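Novice: Okay, here's the structure, questions in a sec.
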Amino acid sequence: MTTSKDIILGVLALQGAFKEHLEYFQKVIEGNPEQYSKYNFKFIEVRTPEELEQCDSLVIPGGESTSISLIAERTQMLQPLLDFVKDESKSVWGTCAGLIFLSKQLKNGKVGQKLLGALNVQVVRNAFGRQVNSFESHLDFSSFIKDCHDFPAVFIRAPVIDEILDQDNINNSINDPTITKSSNNYNNKSPVKVLYSLDNFDNNNNHLIVAVRQGRKLGTSFHPELATKDYRFHKWFIDEFVLGSDRYI
Ligand SMILES: NC(=O)CC[C@H](N)C(=O)O
């Protein structure tokens, strides 16, 4: 007899598009019953330190990063979240506002906005300006998701990553008052891997980085939970990050 293992994946539900993530993860499991038959997945909304404590993995959804930060502070969730993301065995994925919250440095942030500092990147908030506030683009993610040549990536007042930070440039920008810094001095030791950048998007030869991973931490500028009935990104997160550990094998 085999016993299935409980795996609890939480979605931070303080504000933003958390329901969509929960629905997409559920669809991944329902669509692949055999593959996941030995696991007992539980997808939960996370609003309290007690709920967070149960989680093996966490998704921080899109929404408004300033509101997520403020609500986290008001509900005594900021410190538990800082502690959670510091744990290298925990998988964490931030989409859009969630990427902003996970970053170490932020341009165009609001006064008092807090960052968790789990990804050694500098993010620019609302980076696409007014003309292209929101857009969808079919992107080729096959270099990291098998056969995923045409993913419908939805960008909504999206951020981009404009700098990968190493110890030196963190120190260089330390006195720049226009840059918001993370609320802790945690340093994720894994290398930052750029997964995707929009090259020459603005006809300016710029590389706008829109997806990175650093160890078990993932950040995307776009919203895979809004890609109509396309669950491939969520499946990849489960396979590569949540189960990508020998803890469950
Ligand atoms: N779709 C989104 O999550 C938008 C992010 C938003 N611009 C922010 O600053 O938080």
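As shown in the structure tokens, the chain order sets the letters A, B, ...; within each chain, residues go from 1, and ligands are also counted from 1 in the order they appear.
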Go through the chains and note each residue within 9 Å of ligand 1, using only C-alpha atoms and all ligand atoms, then give the set as a count of residues only.

Specialist: 34

Novice: Set the distance at 7 Å and use only C-alpha atoms: which residues neighbour segment 178-187 of chain A once local chain neighbours fewer than 3 positions away are removed? I'd like the list as a list in words.

Specialist: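 In the requested form, the answer reads Lys86, Lys104, Gln105, Leu106, Lys107, Gly109, Lys114, Leu115, Leu116 and Gly117 of chain A.
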
Novice: Using only C-alpha atoms, find the one residue out of A:Ile29, A:Phe18, A:Glu88, A:Phe128 that sits nearest to Asp202 of chain A.

Specialist: A:Phe128

Novice: Give me, as an MDAnalysis selection string, the residues of segment 26-245 of chain A that a backbone DSSP run labels alpha helix (DSSP H).

Specialist: chainID A and resid 26:31 49:54 65:74 78:86 97:102 167:172 232:236

Novice: Please provide as a list in words all residues within 9 Å of Pro152 of chain A, with the sequence filter that same-chain residues fewer than 5 positions apart are discarded (counting only C-alpha atoms).

Specialist: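 Neighbouring residues, sequence-local ones excluded: Glu136, Ser137, His138, Leu139, Pro224, Leu226, Ala227, Thr228 and Asp230 of chain A.
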
Novice: With DSSP run on the backbone, what are the strand (DSSP E or B) residues within segment 15-246 of chain A? I'd like them as a PDB file with C-alpha atoms, in the first residue's frame.

Specialist:
```
ATOM      1  CA  TYR A  39       0.796  13.224  -4.054  1.00  0.00           C
ATOM      2  CA  ASN A  40      -1.968  14.839  -2.105  1.00  0.00           C
ATOM      3  CA  PHE A  41      -1.862  18.463  -3.203  1.00  0.00           C
ATOM      4  CA  LYS A  42      -3.592  21.103  -1.148  1.00  0.00           C
ATOM      5  CA  PHE A  43      -3.897  24.610  -2.539  1.00  0.00           C
ATOM      6  CA  ILE A  44      -4.738  27.161   0.111  1.00  0.00           C
ATOM      7  CA  GLU A  45      -5.303  30.906   0.444  1.00  0.00           C
ATOM      8  CA  VAL A  46      -2.747  32.422   2.806  1.00  0.00           C
ATOM      9  CA  SER A  57       5.596  26.535  -1.386  1.00  0.00           C
ATOM     10  CA  LEU A  58       4.093  29.965  -1.935  1.00  0.00           C
ATOM     11  CA  VAL A  59       2.867  32.061  -4.844  1.00  0.00           C
ATOM     12  CA  ILE A  60       2.680  35.832  -4.523  1.00  0.00           C
ATOM     13  CA  SER A  91       9.695  27.328  -3.574  1.00  0.00           C
ATOM     14  CA  VAL A  92       8.295  30.803  -4.086  1.00  0.00           C
ATOM     15  CA  TRP A  93       6.919  32.335  -7.291  1.00  0.00           C
ATOM     16  CA  GLY A  94       6.036  36.006  -7.654  1.00  0.00           C
ATOM     17  CA  THR A  95       4.012  37.209 -10.640  1.00  0.00           C
ATOM     18  CA  SER A 103      12.964  41.750  -5.397  1.00  0.00           C
ATOM     19  CA  LYS A 104      15.921  43.270  -3.609  1.00  0.00           C
ATOM     20  CA  GLN A 105      15.807  46.721  -5.182  1.00  0.00           C
ATOM     21  CA  LEU A 106      13.074  48.763  -6.826  1.00  0.00           C
ATOM     22  CA  LYS A 107      12.952  51.831  -9.052  1.00  0.00           C
ATOM     23  CA  LEU A 119      15.673  37.705  -5.744  1.00  0.00           C
ATOM     24  CA  ASN A 120      18.925  39.560  -6.342  1.00  0.00           C
ATOM     25  CA  VAL A 121      17.458  41.797  -8.986  1.00  0.00           C
ATOM     26  CA  GLN A 122      16.523  45.426  -9.462  1.00  0.00           C
ATOM     27  CA  VAL A 123      12.980  45.855 -10.747  1.00  0.00           C
ATOM     28  CA  VAL A 124      11.406  48.895 -12.408  1.00  0.00           C
ATOM     29  CA  SER A 134      -1.307  46.233 -20.928  1.00  0.00           C
ATOM     30  CA  PHE A 135      -0.622  43.833 -23.767  1.00  0.00           C
ATOM     31  CA  GLU A 136      -0.400  40.158 -24.618  1.00  0.00           C
ATOM     32  CA  SER A 137       2.526  38.635 -26.442  1.00  0.00           C
ATOM     33  CA  HIS A 138       3.118  35.043 -27.565  1.00  0.00           C
ATOM     34  CA  LEU A 139       6.540  34.160 -26.226  1.00  0.00           C
ATOM     35  CA  PHE A 151       2.925  30.984 -24.431  1.00  0.00           C
ATOM     36  CA  PRO A 152       0.336  33.801 -24.274  1.00  0.00           C
ATOM     37  CA  ALA A 153       2.020  36.120 -21.793  1.00  0.00           C
ATOM     38  CA  VAL A 154      -0.266  38.816 -20.386  1.00  0.00           C
ATOM     39  CA  PHE A 155       1.418  42.007 -19.170  1.00  0.00           C
ATOM     40  CA  ILE A 156      -0.616  44.437 -17.050  1.00  0.00           C
ATOM     41  CA  VAL A 160      10.749  44.611 -15.750  1.00  0.00           C
ATOM     42  CA  ILE A 161      14.066  43.617 -14.273  1.00  0.00           C
ATOM     43  CA  ASP A 162      16.690  46.105 -15.398  1.00  0.00           C
ATOM     44  CA  GLU A 163      19.646  44.794 -13.419  1.00  0.00           C
ATOM     45  CA  ILE A 164      20.897  41.538 -11.960  1.00  0.00           C
ATOM     46  CA  ILE A 179      15.967  53.215  -5.197  1.00  0.00           C
ATOM     47  CA  THR A 180      13.866  51.301  -2.654  1.00  0.00           C
ATOM     48  CA  LYS A 181      15.841  48.561  -0.858  1.00  0.00           C
ATOM     49  CA  VAL A 192      20.377  34.314 -10.806  1.00  0.00           C
ATOM     50  CA  LYS A 193      19.313  32.767 -14.114  1.00  0.00           C
ATOM     51  CA  VAL A 194      17.618  34.928 -16.700  1.00  0.00           C
ATOM     52  CA  LEU A 195      14.846  32.796 -18.208  1.00  0.00           C
ATOM     53  CA  TYR A 196      13.452  35.275 -20.693  1.00  0.00           C
ATOM     54  CA  SER A 197      14.046  38.807 -21.889  1.00  0.00           C
ATOM     55  CA  LEU A 198      12.157  40.847 -24.450  1.00  0.00           C
ATOM     56  CA  ASP A 199      14.945  41.913 -26.766  1.00  0.00           C
ATOM     57  CA  HIS A 207      16.942  43.646 -22.990  1.00  0.00           C
ATOM     58  CA  LEU A 208      13.859  43.807 -20.815  1.00  0.00           C
ATOM     59  CA  ILE A 209      14.119  40.853 -18.449  1.00  0.00           C
ATOM     60  CA  VAL A 210      10.668  39.434 -17.689  1.00  0.00           C
ATOM     61  CA  ALA A 211      11.431  36.044 -16.074  1.00  0.00           C
ATOM     62  CA  VAL A 212      14.217  34.960 -13.708  1.00  0.00           C
ATOM     63  CA  ARG A 213      14.893  32.176 -11.265  1.00  0.00           C
ATOM     64  CA  GLN A 214      17.318  32.061  -8.367  1.00  0.00           C
ATOM     65  CA  LYS A 217      12.637  31.395  -6.262  1.00  0.00           C
ATOM     66  CA  LEU A 218      10.922  32.418  -9.500  1.00  0.00           C
ATOM     67  CA  GLY A 219       9.816  35.837 -10.701  1.00  0.00           C
ATOM     68  CA  THR A 220       7.752  36.686 -13.788  1.00  0.00           C
TER      69      THR A 220
END
```

Novice: Would you work out the distance separating atom CA of Phe84 of chain A from atom CA of Leu52 of chain A, expressed in Å to one decimal?

Specialist: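 About the pair atom CA of Phe84 of chain A and atom CA of Leu52 of chain A: they are 8.0 Å apart.
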